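Working notes, structure below.
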Amino acid sequence: MNLNHLAISLIELDPENLSELEGFKKNLVLSKGQAKGHLKDVLGQACAEVEAWFGQDLASRRAGIVRLGELLEQAMEFNGVNPPVVKPEKLQAVPPETAGSRNITLSKDFDSELLNEFIIENMELATTAESAILDLEKDPNNQELLNTIFRGFHTIKGTSAFLNLDCVKDLAHHVESMLVRVRDGQDNFTRGHADLSLKSLDMIKSILERMKSSGPGGKIELPLGHEEIHEALRTFISNSRKVNVQSGEPAAKLILKELLVQQNEEGLADKPLPSIPVPEPAAESTVRVKVDRLDKLLDTVGELVIAQTMVGQDELILDGKNHELNKKISQAGKIVRELHDLSLVLRMVPLKGTFRKMVRLARDLSQKNGKMLKLITEGDETEIDRNMVDMVADPLVHLIRNAIDHGIETPEERHRVGKSSESRVYITAGHAEGSIILTVWDDGRGLSRQKIVDKAMARGLIDSAERMTDQEVWQLIFQPGFSTAEKVTEISGRGVGLDVVRRAVERLRGRIEVQNSEGRGCAFIMRMPLTMAITDGMVVKVGSQRYILPTANIQKAVRPDESDIHTVNQRAEMFSFRDEQLPVFRLHRLFDIPDAQTQLTSGLLVVISEGQQRCALFVDDLLTQTQVVTKSLGHGAENTSCVAGGAIMGDGTVGLILDTAGIIELARQR
């Protein structure tokens, strides 16, 4: 390292950061080893000065930095080097042992629990900072958002330095240096600041992800682009702090010693962060629990529910002779149900984190496509089963990609048709009928029925669309490989995305609908259960078999009169219900049950709904309402039509949970 670089590093040195002091000491020793004669003697005195810092208090270290500045001035004058003309913002150079290196090795002395806590904490800090950056772009004068970002990077830097993780520490320090100028009013927050901050967070999160699998003593390969981000940050900071030149003469020079004295007096390292008074949030105690422990808890409580149900259906209880025992069993049942509900709530997490990822995705894609876009989220506090969060994120990603790449027009196109140049994409979440409803809507060009029909006929999917409703036409776009895009881009256009969306939603026992207005926009509505673990259901009898219908989908159960039943085309049976003709679906035919009732007037018709679609299920009788733990049917049976899963009944037998969406779709097709 040359003397100029040493001087710059000295100016930007944080006397409180022992890791930075150690790095500067190594660079100084390296320079001494390359020097000769009198220069080597001067640098030797400088090394002795630095060595003394580690046993001194903060004030003594600052005074030592000033003395070291004098020694470096002597060395630079002797060696014919002009002192640097810079301002004392902090910028830590990449240590020589990491510069150009792609691998780092974690110390074997790290405690695995400590390392795991470090990763979790810094992931949360990075997520919070990312969210604040996206908000600050919309409100660049919001000082509290800037403070949040600054604190996030500052904490990441500090904890990384504690673990000697220089690759993360240096990156956070560069961003901190860039944000100092914004915080102190020297620069305005621009898209350049946001881009570099976000890319740095991406790099930090990528390194943390690699640390998860390596553990103490493991070797990590730094992600591609690590050095390039460092260089981009250094260049950005350097360009933003160039000394103004007036009348051909440079601004007044500081010699090195005065610059260090000025820095010492100003106490830049100790300058408190300016903040806007905000109400103190209510204190909330939290504790981290491993996910597998929560899953084990829910499984155990589920088994408890099954056991309690079996006890409640014992003959000693059902005969009604043991009144005191019945009261105790009933009380125990209430407690078990409360425990069950509580264990379910423990698994629920808000969609806020998922929505924030979508905001970032939309921002990056709109910039790449040259489109002006504002993404608006609503209902991000809506909670969903933790195991479903990642499964929900995948269809959202594909829908947003399609909306931005194909649905949203360019600013020029929007201007020609009288629309605002800035487009809108909405992501909303809410609860309804025991389900979660996710909607992705854009105000773009919408779907073209004619284009979809022409493409479907060309591929042989349909012969004609004369009798097809709009909803049936929209469902064609979910076919594998189906796309009406005029060109394939690196983002979409190959007909894969919507097929993936449908499959993901179906795996969640949900369904997806399309609402379209050609020329004005398109909405994709996903309806899914809140949890995959528990179902509130009604047990229905069909012959000797019992099935479970989710109560959220049941509207009414009636014993029909003959006048309520009509036959269409001598085949399809219809039931008159509230001035509407509903298709009748016989469960005994679907599951081939020979001993079930066959006369509609001898059984019950259960009206079920899924969204705006309804049908009537013919069953022998309704038995009881219950809450069951959903069990997977296992490989080979998990994709059984019209079945969402299984549950252990009170007598120990298995009952099938019916998939109302699948039944309604099948009834509609038939």
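Within each chain, counting starts at residue 1; across the structure tokens, chains are named A, B, ... in the order shown, with ligands numbered 1 upward in that order.
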
For segment 210-223 of chain A: contacts at 6 Å, only C-alpha atoms, fewer than 2 positions along chain excluded, given as a list in words: Arg102, Asn103, Ile104, Thr105, Leu106, Ser107, Lys108, Phe110, Ile207 and Leu208 of chain A

Go ahead and save the residues from that selection, with N, CA and C atoms, as an mmCIF file, in the first residue's frame.
```cif
data_model
loop_
_atom_site.group_PDB
_atom_site.id
_atom_site.type_symbol
_atom_site.label_atom_id
_atom_site.label_comp_id
_atom_site.auth_asym_id
_atom_site.auth_seq_id
_atom_site.Cartn_x
_atom_site.Cartn_y
_atom_site.Cartn_z
ATOM 1 N N ARG A 102 -11.752 -14.842 -3.297
ATOM 2 C CA ARG A 102 -13.138 -15.271 -3.422
ATOM 3 C C ARG A 102 -13.569 -16.165 -2.271
ATOM 4 N N ASN A 103 -12.657 -16.585 -1.404
ATOM 5 C CA ASN A 103 -12.999 -17.518 -0.333
ATOM 6 C C ASN A 103 -12.652 -16.943 1.030
ATOM 7 N N ILE A 104 -13.494 -17.240 2.001
ATOM 8 C CA ILE A 104 -13.192 -16.916 3.391
ATOM 9 C C ILE A 104 -13.484 -18.154 4.225
ATOM 10 N N THR A 105 -12.785 -18.285 5.323
ATOM 11 C CA THR A 105 -12.971 -19.425 6.207
ATOM 12 C C THR A 105 -13.414 -18.935 7.576
ATOM 13 N N LEU A 106 -14.525 -19.452 8.047
ATOM 14 C CA LEU A 106 -15.021 -19.077 9.363
ATOM 15 C C LEU A 106 -14.200 -19.757 10.443
ATOM 16 N N SER A 107 -13.979 -19.054 11.535
ATOM 17 C CA SER A 107 -13.178 -19.588 12.622
ATOM 18 C C SER A 107 -13.836 -20.817 13.236
ATOM 19 N N LYS A 108 -13.024 -21.803 13.578
ATOM 20 C CA LYS A 108 -13.534 -22.995 14.258
ATOM 21 C C LYS A 108 -13.951 -22.687 15.690
ATOM 22 N N PHE A 110 -15.881 -20.350 16.605
ATOM 23 C CA PHE A 110 -17.233 -19.817 16.689
ATOM 24 C C PHE A 110 -18.167 -20.838 17.344
ATOM 25 N N ILE A 207 -24.280 -13.701 1.408
ATOM 26 C CA ILE A 207 -23.181 -14.222 2.228
ATOM 27 C C ILE A 207 -23.722 -14.906 3.475
ATOM 28 N N LEU A 208 -24.730 -14.292 4.105
ATOM 29 C CA LEU A 208 -25.315 -14.888 5.307
ATOM 30 C C LEU A 208 -25.963 -16.230 4.994
#
```

What's the 7 Å shell around Ile408 of chain A, counting only C-alpha atoms, without same-chain residues fewer than 2 positions away, as a short mmCIF file (atom, residue, chain, number, x, y, z; two decimals) with N, CA and C atoms, in the first residue's frame?
```cif
data_model
loop_
_atom_site.label_atom_id
_atom_site.label_comp_id
_atom_site.auth_asym_id
_atom_site.auth_seq_id
_atom_site.Cartn_x
_atom_site.Cartn_y
_atom_site.Cartn_z
N ALA A 403 -47.52 -9.29 -15.05
CA ALA A 403 -48.20 -7.99 -15.07
C ALA A 403 -47.29 -6.90 -15.60
N ILE A 404 -46.04 -6.88 -15.14
CA ILE A 404 -45.12 -5.82 -15.54
C ILE A 404 -44.62 -6.02 -16.96
N ASP A 405 -44.35 -7.27 -17.33
CA ASP A 405 -43.76 -7.51 -18.65
C ASP A 405 -44.81 -7.47 -19.77
N HIS A 406 -46.02 -7.99 -19.51
CA HIS A 406 -47.02 -8.10 -20.57
C HIS A 406 -48.28 -7.28 -20.32
N THR A 410 -46.06 0.51 -21.94
CA THR A 410 -44.99 1.49 -21.80
C THR A 410 -45.63 2.87 -21.58
N SER A 423 -48.14 3.54 -14.13
CA SER A 423 -49.11 2.46 -13.97
C SER A 423 -49.22 2.06 -12.51
N GLY A 444 -53.30 -2.33 -16.56
CA GLY A 444 -52.70 -2.37 -17.89
C GLY A 444 -53.70 -2.66 -18.99
N ARG A 445 -53.24 -3.38 -20.00
CA ARG A 445 -54.07 -3.60 -21.20
C ARG A 445 -55.09 -4.71 -21.02
#
```

Neighbour list for Leu114 of chain A as an MDAnalysis selection string, cut-off 12 Å, only C-alpha atoms, skip fewer than 5 positions in-chain: chainID A and resid 109 119:121 159 162:163 212 215:216

I want to know what sits within 9 Å of segment 371-376 of chain A, based on only C-alpha atoms, with residues of the same chain fewer than 4 positions away left out; could you give that as a ChimeraX atom specification? /A:358-359,362-363,365-367,404,408-411,421-428

Could the residues in this selection be written to a file with N, CA and C atoms, as a CSV table (one decimal), in the first residue's frame?
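Full text of selection.csv as output:
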```csv
chain,number,residue,atom,x,y,z
A,358,MET,N,-42.1,-8.5,-2.8
A,358,MET,CA,-42.8,-8.2,-4.1
A,358,MET,C,-42.6,-6.7,-4.5
A,359,VAL,N,-42.5,-5.8,-3.5
A,359,VAL,CA,-42.3,-4.4,-3.8
A,359,VAL,C,-40.9,-4.3,-4.4
A,362,ALA,N,-41.0,-5.7,-8.0
A,362,ALA,CA,-41.6,-4.8,-9.0
A,362,ALA,C,-40.8,-3.6,-9.3
A,363,ARG,N,-40.1,-3.1,-8.3
A,363,ARG,CA,-39.2,-1.9,-8.5
A,363,ARG,C,-38.1,-2.2,-9.5
A,365,LEU,N,-37.9,-4.8,-11.7
A,365,LEU,CA,-38.4,-5.2,-13.1
A,365,LEU,C,-38.9,-3.9,-13.8
A,366,SER,N,-39.6,-3.0,-13.2
A,366,SER,CA,-40.1,-1.8,-13.9
A,366,SER,C,-38.9,-1.0,-14.4
A,367,GLN,N,-37.8,-0.9,-13.6
A,367,GLN,CA,-36.7,-0.1,-14.1
A,367,GLN,C,-36.0,-0.8,-15.3
A,404,ILE,N,-46.0,-6.9,-15.1
A,404,ILE,CA,-45.1,-5.8,-15.5
A,404,ILE,C,-44.6,-6.0,-17.0
A,408,ILE,N,-48.7,-4.4,-18.2
A,408,ILE,CA,-48.5,-3.0,-18.2
A,408,ILE,C,-47.9,-2.5,-19.5
A,409,GLU,N,-48.5,-1.4,-20.0
A,409,GLU,CA,-48.0,-0.8,-21.2
A,409,GLU,C,-46.8,0.1,-20.9
A,410,THR,N,-46.1,0.5,-21.9
A,410,THR,CA,-45.0,1.5,-21.8
A,410,THR,C,-45.6,2.9,-21.6
A,411,PRO,N,-44.9,3.8,-21.0
A,411,PRO,CA,-45.4,5.2,-20.8
A,411,PRO,C,-46.0,5.8,-22.1
A,421,SER,N,-49.1,8.1,-17.2
A,421,SER,CA,-47.8,7.4,-17.6
A,421,SER,C,-47.4,6.4,-16.5
A,422,GLU,N,-47.8,6.7,-15.3
A,422,GLU,CA,-47.4,5.8,-14.2
A,422,GLU,C,-48.5,4.8,-14.0
A,423,SER,N,-48.1,3.5,-14.1
A,423,SER,CA,-49.1,2.5,-14.0
A,423,SER,C,-49.2,2.1,-12.5
A,424,ARG,N,-50.2,1.2,-12.2
A,424,ARG,CA,-50.5,0.8,-10.9
A,424,ARG,C,-50.6,-0.8,-10.9
A,425,VAL,N,-50.0,-1.4,-9.9
A,425,VAL,CA,-50.1,-2.8,-9.6
A,425,VAL,C,-50.5,-2.9,-8.1
A,426,TYR,N,-51.6,-3.6,-7.8
A,426,TYR,CA,-52.1,-3.7,-6.4
A,426,TYR,C,-51.9,-5.2,-6.0
A,427,ILE,N,-51.4,-5.4,-4.8
A,427,ILE,CA,-51.4,-6.7,-4.1
A,427,ILE,C,-52.2,-6.5,-2.8
A,428,THR,N,-53.3,-7.3,-2.7
A,428,THR,CA,-54.1,-7.2,-1.5
A,428,THR,C,-54.3,-8.6,-0.9
```

I'd like to know which residues of segment 364-585 of chain A are strand (DSSP E) (by DSSP, run on the backbone); could you write them as a PyMOL selection string? chain A and resi 373-378+383-385+423-432+435-442+511-517+521-529+534-542+545-550+554-558+565-568+572-577+580-585

Tell me, as an MDAnalysis selection string, which residues lie within 9 Å of Asp659 of chain A, counting only C-alpha atoms; anything in the same chain fewer than 5 positions away does not count. chainID A and resid 509:510 549:550 641:645 664

Emit the selected residues as a compact mmCIF listing (two decimals), in the first residue's frame, including N, CA and C atoms.
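Writing the result to part10.txt gives the following:
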```txt
# COMPACT_ATOMS: atom_id res chain seq x y z
N ARG A 509 -54.52 -26.36 -1.75
CA ARG A 509 -55.96 -26.64 -1.66
C ARG A 509 -56.77 -25.38 -1.98
N GLY A 510 -56.28 -24.59 -2.90
CA GLY A 510 -56.97 -23.36 -3.26
C GLY A 510 -57.35 -23.34 -4.72
N LEU A 549 -66.76 -32.27 5.15
CA LEU A 549 -66.92 -31.07 4.32
C LEU A 549 -66.49 -29.86 5.13
N PRO A 550 -65.59 -29.01 4.62
CA PRO A 550 -65.21 -27.78 5.35
C PRO A 550 -66.43 -26.91 5.60
N SER A 641 -58.53 -36.71 -7.14
CA SER A 641 -59.50 -35.68 -7.50
C SER A 641 -60.56 -35.53 -6.42
N CYS A 642 -60.88 -34.28 -6.10
CA CYS A 642 -61.94 -33.91 -5.16
C CYS A 642 -61.63 -34.24 -3.71
N VAL A 643 -60.41 -34.63 -3.38
CA VAL A 643 -60.03 -34.95 -2.01
C VAL A 643 -58.86 -34.07 -1.60
N ALA A 644 -59.01 -33.37 -0.46
CA ALA A 644 -57.97 -32.44 0.00
C ALA A 644 -57.02 -33.07 1.00
N GLY A 645 -57.41 -34.19 1.60
CA GLY A 645 -56.56 -34.83 2.59
C GLY A 645 -57.37 -35.81 3.42
N ILE A 664 -66.81 -28.66 -7.21
CA ILE A 664 -67.59 -27.68 -7.99
C ILE A 664 -67.09 -27.62 -9.43
```

Please provide the set of residues having any atom within 12 Å of Glu513 of chain A, restricted to only C-alpha atoms, with same-chain residues fewer than 5 positions apart removed, written as an MDAnalysis selection string. chainID A and resid 437:441 470:478 498 501:502 505 522:528 610:613 661 665

Written file, previous selection with N, CA and C atoms, as a short mmCIF file (atom, residue, chain, number, x, y, z; two decimals), in the first residue's frame:
```cif
data_model
loop_
_atom_site.label_atom_id
_atom_site.label_comp_id
_atom_site.auth_asym_id
_atom_site.auth_seq_id
_atom_site.Cartn_x
_atom_site.Cartn_y
_atom_site.Cartn_z
N ILE A 437 -57.69 -14.58 0.89
CA ILE A 437 -57.85 -14.20 -0.51
C ILE A 437 -56.73 -13.24 -0.88
N LEU A 438 -55.91 -13.63 -1.84
CA LEU A 438 -54.81 -12.81 -2.36
C LEU A 438 -55.17 -12.36 -3.76
N THR A 439 -55.01 -11.07 -4.02
CA THR A 439 -55.35 -10.52 -5.33
C THR A 439 -54.17 -9.73 -5.89
N VAL A 440 -53.85 -9.98 -7.15
CA VAL A 440 -52.86 -9.19 -7.88
C VAL A 440 -53.59 -8.54 -9.05
N TRP A 441 -53.65 -7.20 -9.03
CA TRP A 441 -54.40 -6.47 -10.05
C TRP A 441 -53.54 -5.37 -10.65
N ASP A 470 -66.67 -16.25 -20.36
CA ASP A 470 -65.39 -15.56 -20.22
C ASP A 470 -64.49 -16.27 -19.21
N GLN A 471 -65.08 -16.71 -18.10
CA GLN A 471 -64.28 -17.37 -17.06
C GLN A 471 -63.64 -18.66 -17.59
N GLU A 472 -64.38 -19.38 -18.44
CA GLU A 472 -63.82 -20.60 -19.04
C GLU A 472 -62.68 -20.25 -20.00
N VAL A 473 -62.82 -19.15 -20.72
CA VAL A 473 -61.74 -18.72 -21.63
C VAL A 473 -60.52 -18.31 -20.84
N TRP A 474 -60.73 -17.57 -19.74
CA TRP A 474 -59.57 -17.13 -18.95
C TRP A 474 -58.80 -18.31 -18.37
N GLN A 475 -59.51 -19.40 -18.05
CA GLN A 475 -58.83 -20.56 -17.48
C GLN A 475 -57.86 -21.21 -18.48
N LEU A 476 -58.03 -20.93 -19.75
CA LEU A 476 -57.13 -21.51 -20.77
C LEU A 476 -55.70 -21.02 -20.61
N ILE A 477 -55.52 -19.81 -20.07
CA ILE A 477 -54.17 -19.26 -19.98
C ILE A 477 -53.33 -19.99 -18.94
N PHE A 478 -53.96 -20.85 -18.11
CA PHE A 478 -53.21 -21.61 -17.12
C PHE A 478 -52.72 -22.95 -17.65
N LEU A 498 -47.93 -18.92 -15.53
CA LEU A 498 -49.28 -19.11 -15.04
C LEU A 498 -49.58 -20.57 -14.75
N VAL A 501 -48.30 -20.98 -11.36
CA VAL A 501 -49.21 -20.34 -10.41
C VAL A 501 -50.36 -21.27 -10.07
N ARG A 502 -51.00 -21.83 -11.09
CA ARG A 502 -52.15 -22.70 -10.83
C ARG A 502 -51.76 -23.92 -10.01
N VAL A 505 -51.17 -22.95 -6.35
CA VAL A 505 -52.41 -22.67 -5.64
C VAL A 505 -53.17 -23.97 -5.35
N CYS A 522 -56.43 -6.25 -15.41
CA CYS A 522 -56.75 -7.64 -15.14
C CYS A 522 -56.41 -7.95 -13.69
N ALA A 523 -57.24 -8.79 -13.05
CA ALA A 523 -57.02 -9.18 -11.65
C ALA A 523 -57.00 -10.70 -11.55
N PHE A 524 -56.03 -11.21 -10.80
CA PHE A 524 -55.95 -12.63 -10.49
C PHE A 524 -56.25 -12.79 -9.00
N ILE A 525 -57.27 -13.58 -8.69
CA ILE A 525 -57.74 -13.74 -7.31
C ILE A 525 -57.48 -15.17 -6.86
N MET A 526 -56.64 -15.32 -5.84
CA MET A 526 -56.30 -16.64 -5.30
C MET A 526 -57.00 -16.81 -3.96
N ARG A 527 -57.75 -17.90 -3.82
CA ARG A 527 -58.47 -18.20 -2.58
C ARG A 527 -57.90 -19.49 -2.01
N MET A 528 -57.35 -19.42 -0.78
CA MET A 528 -56.69 -20.57 -0.17
C MET A 528 -57.06 -20.66 1.30
N GLU A 610 -67.80 -21.97 -3.55
CA GLU A 610 -66.38 -21.64 -3.66
C GLU A 610 -66.32 -20.38 -4.49
N GLY A 611 -66.10 -19.24 -3.80
CA GLY A 611 -66.17 -17.97 -4.50
C GLY A 611 -67.61 -17.71 -4.91
N GLN A 612 -67.82 -17.45 -6.21
CA GLN A 612 -69.17 -17.16 -6.70
C GLN A 612 -69.84 -18.40 -7.28
N GLN A 613 -69.18 -19.54 -7.27
CA GLN A 613 -69.73 -20.75 -7.86
C GLN A 613 -70.28 -21.66 -6.77
N ALA A 661 -63.62 -27.00 -3.96
CA ALA A 661 -63.30 -26.34 -5.24
C ALA A 661 -63.21 -27.36 -6.36
N GLU A 665 -65.77 -27.65 -9.60
CA GLU A 665 -65.21 -27.63 -10.96
C GLU A 665 -65.63 -28.86 -11.74
#
```

Computed gap from atom CA of Lys327 of chain A to atom CA of Tyr547 of chain A is 28.3 Å

Minimum-distance residue to Asn164 of chain A, chosen among A:Leu18, A:Ile400, A:Leu633, A:Val628 (using only C-alpha atoms): A:Leu18

Here is a test: counting only C-alpha atoms, which residue of A:Glu51, A:Asp314, A:Asp463, A:Glu506 is nearest to Leu28 of chain A? A:Glu51

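All residues of protein, DNA or RNA that reach within 9 Å of segment 576-578 of chain A, judged by only C-alpha atoms and not counting those fewer than 4 positions away in the chain, are Ser563, Asp564, Ile565, His566, Leu582 and Val607 of chain A.
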
Can I get the selection written as a PDB file, in the first residue's frame, with C-alpha atoms?
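Contents of result.pdb, as written:
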```pdb
ATOM      1  CA  SER A 563     -90.683 -30.301  -7.292  1.00  0.00           C
ATOM      2  CA  ASP A 564     -87.262 -28.824  -6.447  1.00  0.00           C
ATOM      3  CA  ILE A 565     -85.418 -31.253  -8.762  1.00  0.00           C
ATOM      4  CA  HIS A 566     -85.234 -30.818 -12.538  1.00  0.00           C
ATOM      5  CA  LEU A 582     -77.640 -25.524  -9.028  1.00  0.00           C
ATOM      6  CA  VAL A 607     -75.291 -26.462  -0.908  1.00  0.00           C
TER       7      VAL A 607
END
```

Please give the complete set of residues from segment 380-612 of chain A that DSSP, run on the backbone, assigns to helix (DSSP H, G or I), formatted as an NGL selection string. :A and (386-407 or 411-416 or 449-458 or 470-478 or 497-507 or 551-553 or 562-564 or 587-590 or 600-602)

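In this model, the gap between atom CA of Arg67 of chain A and atom CA of Leu6 of chain A comes to 14.3 Å.
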
Ranking A:Leu72, A:Ala63, A:Leu530, A:Leu297 by minimum distance to Leu39 of chain A and counting only C-alpha atoms, which one comes first? A:Leu72

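For the set A:Gly320, A:Arg414, A:Phe575, A:Asp135, the residue with the smallest atom-to-atom gap to Arg356 of chain A is A:Asp135, counting only C-alpha atoms.
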
Counting only C-alpha atoms, the residue of A:Lys541, A:Gln479, A:Arg293, A:Leu658 that sits nearest Ile452 of chain A: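 Smallest distance to Ile452 of chain A is found for A:Gln479.
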
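Nearest to Ala48 of chain A of all the residues A:Glu466, A:Gly64, A:Ser343, A:Lys199 is A:Gly64, counting only C-alpha atoms.
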